[in-house]
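Engineer: Submitted below is the structure of interest, expressed as structure tokens.
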Amino acid sequence: MKLYFAPGACSLSPHIVLEEAGIAAETEQVNNQEKKTKSGKDYWTVNPKGQVPALQLDSGEMLTEGPVIVQWIADQNPAAGLIPPAGKPERYRVQEWLNFTTSELHKSFGPIFRPTTPDAYKAISKENLAKRFDWLDKQLASKSYLMGDKFTVADAYLYTVLRWTARIEMDLAKWPNLKAYVDRITARPKVQEALKAEGLVK
Ligand SMILES: N[C@@H](CCC(=O)N[C@@H](CS)C(=O)NCC(=O)O)C(=O)O
């Protein structure tokens with residue numbers, strides 16, 4: 001398996017899941033602006049969508065879409081307990097969280113990062129995020145992780161997205177449960193490994 005990633009981008013989520021699952025995979029950094037991989041390959045030929053993450057399977061097939069990639073990785077090592085088995089109601093709860101994160105949070109950040117987005121649009125996107133964070137903060141009031149006591153792939157994704165608030169000057173201190181959640185996940189040894197591998201911490 002080989003994961004194509006850009007440091008700190010949404011590809012950090014499958015990177016964390018690889019570490020948490022104890023799966024040794026190759027990784028290759030992508031320059032997302034120039035669409036070139038570290039070894040000089042044209043990234044459009046790897047993923048014609050031009051986005052990270054992309055996971056090359058041992059069969060050579062390319063799997064894209066972060067919420068799907070994390071499920072595939074977690075299913076390679078069920079003993080790691082990163083995702084409930086397909087068919088169990090809890091599996092669909094995890095998918096519910098992945099879908100919420102991708103559609104209600106992840107995609108709000110892109111236009112805020114983009115320098116050419118009008119300020120009024122950025123302000124509205126931040127307002128929308130803040131509303132979602134108000135709700136999320138309540139969800140995390142009495143549990144360590146989205147599914148309760150157990151860290152799952154949904155946490156790897158939500159954590160990755162919440163890290164971006166620092167880049168858009170949204171202070172998570174306003175949402176104490178979210179702040180504690182991010183700090184809790186940052187402290188996980190395997191998360192530290194993924195952050196180190198992407199050059200995000202020393
Ligand atoms: N639907 C895709 C979106 C992936 C995505 O937004 N990737 C961003 C980084 S977080 C990216 O590569 N952006 C560069 C671009 O779109 O040119 C997924 O969930 O995997």
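How things are named: the first chain in the structure tokens is A, the next is B, and so on; residues count from 1 in each chain; ligands count from 1 in the order shown.
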Neighbours of ligand 1 at 7 Å or closer, counting only C-alpha atoms and all ligand atoms: which residues, as a list in words?
Structural biologist: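 Protein and nucleic-acid residues within 7 Å of ligand 1: Ala9, Cys10, Ser11, Asn32, Gln33, Gly50, Gln51, Val52, Pro53, Thr64, Glu65, Gly66, Pro67, Thr102 and Lys107 of chain A.
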Engineer: Can you write just those residues out, N, CA and C atoms, as a short mmCIF file (atom, residue, chain, number, x, y, z; two decimals), in the first residue's frame?
Structural biologist:
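The resulting file, result-v5.cif, is shown below:
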data_model
loop_
_atom_site.label_atom_id
_atom_site.label_comp_id
_atom_site.auth_asym_id
_atom_site.auth_seq_id
_atom_site.Cartn_x
_atom_site.Cartn_y
_atom_site.Cartn_z
N ALA A 9 -2.78 18.22 5.31
CA ALA A 9 -4.04 18.23 4.55
C ALA A 9 -4.94 17.09 5.03
N CYS A 10 -6.07 16.90 4.38
CA CYS A 10 -7.01 15.87 4.84
C CYS A 10 -6.41 14.46 4.77
N SER A 11 -5.30 14.33 4.04
CA SER A 11 -4.61 13.04 3.96
C SER A 11 -3.95 12.66 5.29
N ASN A 32 0.87 19.92 -3.65
CA ASN A 32 -0.51 20.09 -4.11
C ASN A 32 -0.69 21.31 -5.02
N GLN A 33 0.26 22.26 -4.93
CA GLN A 33 0.17 23.43 -5.81
C GLN A 33 0.66 23.05 -7.21
N GLY A 50 -6.73 15.17 -8.90
CA GLY A 50 -5.72 16.14 -8.47
C GLY A 50 -5.75 16.43 -6.98
N GLN A 51 -6.31 15.53 -6.20
CA GLN A 51 -6.42 15.78 -4.76
C GLN A 51 -5.79 14.66 -3.95
N VAL A 52 -5.31 15.02 -2.78
CA VAL A 52 -4.92 14.02 -1.78
C VAL A 52 -6.13 13.84 -0.86
N PRO A 53 -6.28 12.69 -0.21
CA PRO A 53 -5.41 11.52 -0.26
C PRO A 53 -5.75 10.62 -1.45
N THR A 64 -9.53 6.51 -3.86
CA THR A 64 -9.56 7.92 -3.46
C THR A 64 -10.75 8.16 -2.54
N GLU A 65 -10.85 9.39 -2.03
CA GLU A 65 -11.90 9.84 -1.09
C GLU A 65 -11.57 9.38 0.34
N GLY A 66 -11.09 10.36 1.10
CA GLY A 66 -10.63 10.09 2.46
C GLY A 66 -11.57 9.25 3.33
N PRO A 67 -12.88 9.58 3.38
CA PRO A 67 -13.77 8.81 4.25
C PRO A 67 -13.87 7.33 3.86
N THR A 102 -17.14 15.36 6.38
CA THR A 102 -16.77 15.70 5.01
C THR A 102 -17.68 16.79 4.43
N LYS A 107 -15.39 20.71 3.73
CA LYS A 107 -15.51 21.50 2.50
C LYS A 107 -15.80 22.98 2.75
#
Engineer: Determine, counting only C-alpha atoms, which protein, DNA and RNA residues have an atom within 12 Å of an atom of Pro111 in chain A; residues of the same chain fewer than 4 positions away are not included. Present the result as a list in words.
Structural biologist: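 With the cut-off at 12 Å, the set is Leu105, His106, Lys107, Pro115, Thr116, Thr117, Pro118, Asp119, Ala120, Tyr121, Lys122, Ala123, Ile124, Ser125, Lys126 and Ile168 of chain A.
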Engineer: Once you have the residues from the selection above, write them out as a tab-separated table (two decimals), in the first residue's frame, restricted to all heavy atoms.
Structural biologist:
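Written out: selection.tsv:
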chain	number	residue	atom	x	y	z
A	105	LEU	N	-18.16	20.10	7.45
A	105	LEU	CA	-16.97	20.80	7.98
A	105	LEU	C	-15.87	20.93	6.94
A	105	LEU	O	-15.51	22.05	6.55
A	105	LEU	CB	-16.42	20.06	9.22
A	105	LEU	CG	-17.40	19.81	10.37
A	105	LEU	CD1	-16.73	19.03	11.50
A	105	LEU	CD2	-17.95	21.12	10.93
A	106	HIS	N	-15.33	19.79	6.49
A	106	HIS	CA	-14.17	19.79	5.59
A	106	HIS	C	-14.30	20.80	4.45
A	106	HIS	O	-13.46	21.66	4.24
A	106	HIS	CB	-13.99	18.36	5.04
A	106	HIS	CG	-12.86	18.17	4.08
A	106	HIS	ND1	-12.44	16.94	3.69
A	106	HIS	CD2	-12.07	19.04	3.38
A	106	HIS	CE1	-11.44	17.05	2.84
A	106	HIS	NE2	-11.21	18.32	2.63
A	107	LYS	N	-15.39	20.71	3.73
A	107	LYS	CA	-15.51	21.50	2.50
A	107	LYS	C	-15.80	22.98	2.75
A	107	LYS	O	-15.77	23.78	1.82
A	107	LYS	CB	-16.54	20.87	1.57
A	107	LYS	CG	-15.98	19.63	0.86
A	107	LYS	CD	-14.86	20.03	-0.11
A	107	LYS	CE	-13.79	19.00	-0.26
A	107	LYS	NZ	-12.73	19.38	-1.21
A	115	PRO	N	-6.89	32.68	-1.06
A	115	PRO	CA	-6.72	34.14	-0.94
A	115	PRO	C	-7.71	34.94	-1.79
A	115	PRO	O	-8.03	36.08	-1.45
A	115	PRO	CB	-5.29	34.38	-1.44
A	115	PRO	CG	-4.65	33.05	-1.57
A	115	PRO	CD	-5.70	32.00	-1.59
A	116	THR	N	-8.20	34.35	-2.87
A	116	THR	CA	-9.08	35.12	-3.77
A	116	THR	C	-10.56	35.11	-3.34
A	116	THR	O	-11.38	35.77	-3.96
A	116	THR	CB	-8.99	34.53	-5.19
A	116	THR	OG1	-9.20	33.12	-5.11
A	116	THR	CG2	-7.63	34.80	-5.83
A	117	THR	N	-10.89	34.36	-2.30
A	117	THR	CA	-12.30	34.33	-1.86
A	117	THR	C	-12.67	35.67	-1.21
A	117	THR	O	-11.93	36.15	-0.35
A	117	THR	CB	-12.51	33.18	-0.84
A	117	THR	OG1	-12.14	31.96	-1.46
A	117	THR	CG2	-13.94	33.10	-0.37
A	118	PRO	N	-13.79	36.25	-1.61
A	118	PRO	CA	-14.20	37.53	-0.98
A	118	PRO	C	-14.37	37.37	0.53
A	118	PRO	O	-14.85	36.34	1.01
A	118	PRO	CB	-15.54	37.83	-1.66
A	118	PRO	CG	-15.55	37.02	-2.91
A	118	PRO	CD	-14.70	35.81	-2.66
A	119	ASP	N	-14.00	38.42	1.28
A	119	ASP	CA	-14.05	38.36	2.74
A	119	ASP	C	-15.45	38.04	3.26
A	119	ASP	O	-15.61	37.33	4.25
A	119	ASP	CB	-13.58	39.69	3.34
A	119	ASP	CG	-12.07	39.83	3.24
A	119	ASP	OD1	-11.39	38.79	2.96
A	119	ASP	OD2	-11.55	40.95	3.41
A	120	ALA	N	-16.47	38.56	2.58
A	120	ALA	CA	-17.85	38.33	3.04
A	120	ALA	C	-18.19	36.84	2.98
A	120	ALA	O	-18.86	36.30	3.87
A	120	ALA	CB	-18.83	39.12	2.18
A	121	TYR	N	-17.70	36.18	1.95
A	121	TYR	CA	-17.94	34.72	1.81
A	121	TYR	C	-17.21	33.98	2.94
A	121	TYR	O	-17.75	33.06	3.55
A	121	TYR	CB	-17.46	34.26	0.43
A	121	TYR	CG	-17.82	32.83	0.10
A	121	TYR	CD1	-18.88	32.54	-0.75
A	121	TYR	CD2	-17.10	31.75	0.65
A	121	TYR	CE1	-19.22	31.23	-1.05
A	121	TYR	CE2	-17.43	30.44	0.36
A	121	TYR	CZ	-18.49	30.18	-0.50
A	121	TYR	OH	-18.81	28.88	-0.78
A	122	LYS	N	-15.96	34.40	3.18
A	122	LYS	CA	-15.18	33.75	4.26
A	122	LYS	C	-15.90	33.89	5.60
A	122	LYS	O	-15.97	32.95	6.39
A	122	LYS	CB	-13.79	34.39	4.37
A	122	LYS	CG	-12.88	34.05	3.22
A	122	LYS	CD	-11.48	34.57	3.48
A	122	LYS	CE	-10.64	34.39	2.24
A	122	LYS	NZ	-9.27	34.81	2.36
A	123	ALA	N	-16.46	35.09	5.84
A	123	ALA	CA	-17.14	35.34	7.13
A	123	ALA	C	-18.36	34.42	7.27
A	123	ALA	O	-18.60	33.86	8.35
A	123	ALA	CB	-17.56	36.81	7.22
A	124	ILE	N	-19.09	34.25	6.19
A	124	ILE	CA	-20.29	33.38	6.24
A	124	ILE	C	-19.86	31.92	6.49
A	124	ILE	O	-20.45	31.20	7.29
A	124	ILE	CB	-21.12	33.51	4.95
A	124	ILE	CG1	-21.74	34.91	4.89
A	124	ILE	CG2	-22.21	32.45	4.87
A	124	ILE	CD1	-22.33	35.28	3.54
A	125	SER	N	-18.80	31.50	5.81
A	125	SER	CA	-18.30	30.12	6.01
A	125	SER	C	-17.88	29.90	7.46
A	125	SER	O	-18.16	28.85	8.04
A	125	SER	CB	-17.11	29.84	5.09
A	125	SER	OG	-17.53	29.86	3.76
A	126	LYS	N	-17.23	30.91	8.04
A	126	LYS	CA	-16.80	30.79	9.44
A	126	LYS	C	-18.01	30.73	10.37
A	126	LYS	O	-18.02	29.99	11.36
A	126	LYS	CB	-15.89	31.95	9.83
A	126	LYS	CG	-14.48	31.82	9.30
A	126	LYS	CD	-13.62	32.89	9.95
A	126	LYS	CE	-12.21	32.86	9.46
A	126	LYS	NZ	-11.34	33.84	10.10
A	168	ILE	N	-7.12	29.51	10.31
A	168	ILE	CA	-8.11	30.51	9.89
A	168	ILE	C	-8.55	31.38	11.09
A	168	ILE	O	-9.61	32.00	11.06
A	168	ILE	CB	-9.35	29.86	9.21
A	168	ILE	CG1	-10.08	28.91	10.17
A	168	ILE	CG2	-8.94	29.15	7.93
A	168	ILE	CD1	-11.47	28.51	9.68
Engineer: Within 7 Å of range 177-191 of chain A, counting only C-alpha atoms, which residues show up once you throw out same-chain ones fewer than 6 positions away? Write them as a list in words, please.
Structural biologist: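 Close residues of range 177-191 of chain A: Ile16, Glu19, Glu20, Asp137, Leu140, Ala141, Ser144 and Tyr159 of chain A.
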Engineer: So which bits of range 9-146 of chain A end up strand (DSSP E or B) when you DSSP the backbone, as a ChimeraX atom specification?
Structural biologist: /A:26-31,36-37,42,54-56,62-64,145
Engineer: Go ahead and write the residues just picked, N, CA and C atoms, as an mmCIF file, in the first residue's frame.
Structural biologist:
data_model
loop_
_atom_site.group_PDB
_atom_site.id
_atom_site.type_symbol
_atom_site.label_atom_id
_atom_site.label_comp_id
_atom_site.auth_asym_id
_atom_site.auth_seq_id
_atom_site.Cartn_x
_atom_site.Cartn_y
_atom_site.Cartn_z
ATOM 1 N N GLU A 26 3.951 2.422 2.436
ATOM 2 C CA GLU A 26 4.798 3.467 1.859
ATOM 3 C C GLU A 26 4.005 4.767 1.881
ATOM 4 N N THR A 27 4.716 5.888 1.927
ATOM 5 C CA THR A 27 4.024 7.175 1.784
ATOM 6 C C THR A 27 4.819 8.015 0.793
ATOM 7 N N GLU A 28 4.127 8.862 0.073
ATOM 8 C CA GLU A 28 4.840 9.804 -0.798
ATOM 9 C C GLU A 28 4.162 11.168 -0.723
ATOM 10 N N GLN A 29 5.005 12.169 -0.467
ATOM 11 C CA GLN A 29 4.496 13.536 -0.348
ATOM 12 C C GLN A 29 4.140 14.104 -1.724
ATOM 13 N N VAL A 30 3.076 14.891 -1.721
ATOM 14 C CA VAL A 30 2.630 15.530 -2.969
ATOM 15 C C VAL A 30 2.710 17.040 -2.788
ATOM 16 N N ASN A 31 3.225 17.720 -3.800
ATOM 17 C CA ASN A 31 3.142 19.174 -3.810
ATOM 18 C C ASN A 31 1.812 19.510 -4.481
ATOM 19 N N LYS A 36 2.839 17.706 -8.226
ATOM 20 C CA LYS A 36 4.000 16.830 -8.457
ATOM 21 C C LYS A 36 4.247 16.028 -7.188
ATOM 22 N N THR A 37 4.634 14.764 -7.361
ATOM 23 C CA THR A 37 5.000 13.985 -6.179
ATOM 24 C C THR A 37 6.479 14.232 -5.894
ATOM 25 N N ASP A 42 3.960 13.287 -12.182
ATOM 26 C CA ASP A 42 2.821 14.185 -12.374
ATOM 27 C C ASP A 42 1.646 13.607 -11.564
ATOM 28 N N ALA A 54 -4.733 9.792 -1.804
ATOM 29 C CA ALA A 54 -4.975 8.666 -2.710
ATOM 30 C C ALA A 54 -4.190 7.497 -2.124
ATOM 31 N N LEU A 55 -4.795 6.347 -2.161
ATOM 32 C CA LEU A 55 -4.140 5.160 -1.600
ATOM 33 C C LEU A 55 -4.009 4.119 -2.699
ATOM 34 N N GLN A 56 -2.745 3.801 -3.003
ATOM 35 C CA GLN A 56 -2.530 2.718 -3.970
ATOM 36 C C GLN A 56 -2.555 1.390 -3.221
ATOM 37 N N MET A 62 -6.094 2.270 -7.470
ATOM 38 C CA MET A 62 -6.003 3.509 -6.702
ATOM 39 C C MET A 62 -7.351 3.800 -6.044
ATOM 40 N N LEU A 63 -7.305 3.969 -4.731
ATOM 41 C CA LEU A 63 -8.525 4.295 -3.990
ATOM 42 C C LEU A 63 -8.455 5.771 -3.586
ATOM 43 N N THR A 64 -9.525 6.508 -3.855
ATOM 44 C CA THR A 64 -9.555 7.920 -3.461
ATOM 45 C C THR A 64 -10.754 8.159 -2.540
ATOM 46 N N TYR A 145 -14.360 10.326 22.748
ATOM 47 C CA TYR A 145 -14.289 10.244 21.288
ATOM 48 C C TYR A 145 -15.708 10.230 20.719
#
Engineer: What does the distance from CA of Val70 in chain A to CA of Lys41 in chain A come to in Å, to one decimal?
Structural biologist: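 Computed distance, CA of Val70 in chain A to CA of Lys41 in chain A, equals 24.2 Å.
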Engineer: Interatomic distance between CA of Val201 in chain A and CA of Phe113 in chain A?
Structural biologist: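 Rounded to one decimal, the two atoms are 21.4 Å apart.
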Engineer: Counting only C-alpha atoms, what is within 9 Å of Glu198 in chain A, bar same-chain residues fewer than 2 positions away, as a PyMOL selection string?
Structural biologist: chain A and resi 5-8+12+15+29+193-196+200-201
Engineer: Take the residues that were just selected and, keeping all heavy atoms, output them as a compact mmCIF listing (two decimals), in the first residue's frame.
Structural biologist:
# COMPACT_ATOMS: atom_id res chain seq x y z
N PHE A 5 0.18 11.90 0.19
CA PHE A 5 -0.29 12.88 1.17
C PHE A 5 0.36 14.24 0.94
O PHE A 5 1.41 14.34 0.29
CB PHE A 5 0.04 12.41 2.60
CG PHE A 5 1.50 12.57 2.97
CD1 PHE A 5 1.93 13.68 3.68
CD2 PHE A 5 2.45 11.63 2.57
CE1 PHE A 5 3.28 13.84 4.02
CE2 PHE A 5 3.81 11.79 2.89
CZ PHE A 5 4.22 12.89 3.61
N ALA A 6 -0.29 15.26 1.48
CA ALA A 6 0.32 16.60 1.57
C ALA A 6 0.30 16.96 3.05
O ALA A 6 -0.73 16.74 3.72
CB ALA A 6 -0.47 17.61 0.75
N PRO A 7 1.41 17.47 3.59
CA PRO A 7 1.48 17.68 5.04
C PRO A 7 0.31 18.50 5.59
O PRO A 7 0.02 19.60 5.12
CB PRO A 7 2.81 18.43 5.21
CG PRO A 7 3.63 17.99 4.04
CD PRO A 7 2.66 17.83 2.91
N GLY A 8 -0.35 17.93 6.59
CA GLY A 8 -1.42 18.63 7.30
C GLY A 8 -2.74 18.68 6.55
O GLY A 8 -3.75 19.15 7.11
N LEU A 12 -3.88 13.63 6.23
CA LEU A 12 -3.37 13.29 7.56
C LEU A 12 -4.28 12.24 8.23
O LEU A 12 -3.81 11.41 9.00
CB LEU A 12 -3.29 14.56 8.44
CG LEU A 12 -2.87 14.37 9.89
CD1 LEU A 12 -1.44 13.79 10.00
CD2 LEU A 12 -2.96 15.70 10.65
N HIS A 15 -3.35 8.85 7.19
CA HIS A 15 -1.99 8.65 7.71
C HIS A 15 -2.07 8.22 9.19
O HIS A 15 -1.40 7.28 9.63
CB HIS A 15 -1.20 9.96 7.57
CG HIS A 15 0.27 9.76 7.41
ND1 HIS A 15 1.11 10.71 6.90
CD2 HIS A 15 1.07 8.70 7.70
CE1 HIS A 15 2.35 10.25 6.88
NE2 HIS A 15 2.35 9.04 7.36
N GLN A 29 5.01 12.17 -0.47
CA GLN A 29 4.50 13.54 -0.35
C GLN A 29 4.14 14.10 -1.72
O GLN A 29 4.82 13.82 -2.71
CB GLN A 29 5.56 14.41 0.32
CG GLN A 29 5.02 15.74 0.78
CD GLN A 29 6.02 16.49 1.64
OE1 GLN A 29 6.77 15.88 2.41
NE2 GLN A 29 6.03 17.80 1.53
N GLU A 193 3.20 10.10 15.85
CA GLU A 193 4.02 9.48 14.79
C GLU A 193 3.63 10.03 13.42
O GLU A 193 4.48 10.35 12.59
CB GLU A 193 3.85 7.95 14.79
CG GLU A 193 4.50 7.24 15.96
CD GLU A 193 5.99 7.52 16.05
OE1 GLU A 193 6.67 7.48 15.01
OE2 GLU A 193 6.47 7.81 17.17
N ALA A 194 2.32 10.11 13.18
CA ALA A 194 1.83 10.61 11.89
C ALA A 194 2.21 12.09 11.72
O ALA A 194 2.64 12.51 10.63
CB ALA A 194 0.32 10.42 11.78
N LEU A 195 2.05 12.86 12.79
CA LEU A 195 2.40 14.29 12.72
C LEU A 195 3.90 14.46 12.42
O LEU A 195 4.29 15.30 11.61
CB LEU A 195 2.04 15.00 14.03
CG LEU A 195 0.55 15.12 14.37
CD1 LEU A 195 0.35 15.66 15.79
CD2 LEU A 195 -0.19 16.03 13.38
N LYS A 196 4.70 13.62 13.06
CA LYS A 196 6.16 13.68 12.83
C LYS A 196 6.48 13.31 11.39
O LYS A 196 7.28 13.96 10.72
CB LYS A 196 6.89 12.71 13.77
CG LYS A 196 7.21 13.33 15.11
CD LYS A 196 8.04 12.36 15.96
CE LYS A 196 7.70 12.60 17.42
NZ LYS A 196 7.72 11.42 18.26
N LEU A 200 5.04 17.91 10.87
CA LEU A 200 4.18 18.90 11.54
C LEU A 200 4.58 19.14 13.00
O LEU A 200 4.19 20.12 13.60
CB LEU A 200 2.71 18.44 11.45
CG LEU A 200 2.20 18.27 10.02
CD1 LEU A 200 0.83 17.57 10.00
CD2 LEU A 200 2.12 19.59 9.28
N VAL A 201 5.31 18.16 13.56
CA VAL A 201 5.93 18.36 14.88
C VAL A 201 7.33 17.77 14.80
O VAL A 201 7.62 16.96 13.91
CB VAL A 201 5.17 17.65 16.04
CG1 VAL A 201 3.81 18.26 16.28
CG2 VAL A 201 5.05 16.15 15.82
Engineer: Return as a tab-separated table the residues of range 140-201 of chain A lying at most 10 Å from range 71-80 of chain A, together with the closest atom-to-atom pair for each and the distance in Å to one decimal, counting only C-alpha atoms, with rows in chain order and ascending residue number.
Structural biologist:
residue	atom	partner	partner_atom	distance
A:Thr152	CA	A:Ala74	CA	8.8
A:Val153	CA	A:Gln71	CA	7.1
A:Ala154	CA	A:Gln71	CA	9.2
Engineer: Go ahead and write the residues just picked, C-alpha atoms, as an mmCIF file, in the first residue's frame.
Structural biologist:
data_model
loop_
_atom_site.group_PDB
_atom_site.id
_atom_site.type_symbol
_atom_site.label_atom_id
_atom_site.label_comp_id
_atom_site.auth_asym_id
_atom_site.auth_seq_id
_atom_site.Cartn_x
_atom_site.Cartn_y
_atom_site.Cartn_z
ATOM 1 C CA THR A 152 -12.196 5.348 15.558
ATOM 2 C CA VAL A 153 -11.460 6.448 12.002
ATOM 3 C CA ALA A 154 -14.106 9.161 12.444
#
Engineer: For the structure I just gave you, how does DSSP split range 4-171 of chain A - specifically, which residues are alpha helix (DSSP H)? Reply as a VMD selection string.
Structural biologist: chain A and resid 12 to 21 43 to 46 66 to 76 89 to 100 107 to 113 119 to 139 153 to 163
Engineer: Which of these, A:Leu136, A:Ile23, A:Lys202, A:Asp171, has the shortest distance to Trp97 in chain A once you count only C-alpha atoms?
Structural biologist: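 Comparing A:Leu136, A:Ile23, A:Lys202, A:Asp171 against Trp97 in chain A, the winner is A:Leu136.
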Engineer: From the options A:Gly40, A:Ser142, A:Asn47, A:Asp58, which residue's atoms come nearest to Tyr4 in chain A, counting only C-alpha atoms?
Structural biologist: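 Answer, going by the shortest atom-to-atom distance: A:Asn47.
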Engineer: With distances taken over only C-alpha atoms, which of A:Lys131, A:Arg93, A:Arg163, A:Arg114 is nearest to Gly148 in chain A?
Structural biologist: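 Using only C-alpha atoms, the shortest distance to Gly148 in chain A belongs to A:Arg93.
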Engineer: How many Å lie between CA of Phe151 in chain A and CA of Tyr92 in chain A, rounded to one decimal?
Structural biologist: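 Answer for the CA of Phe151 in chain A to CA of Tyr92 in chain A separation: 15.4 Å.
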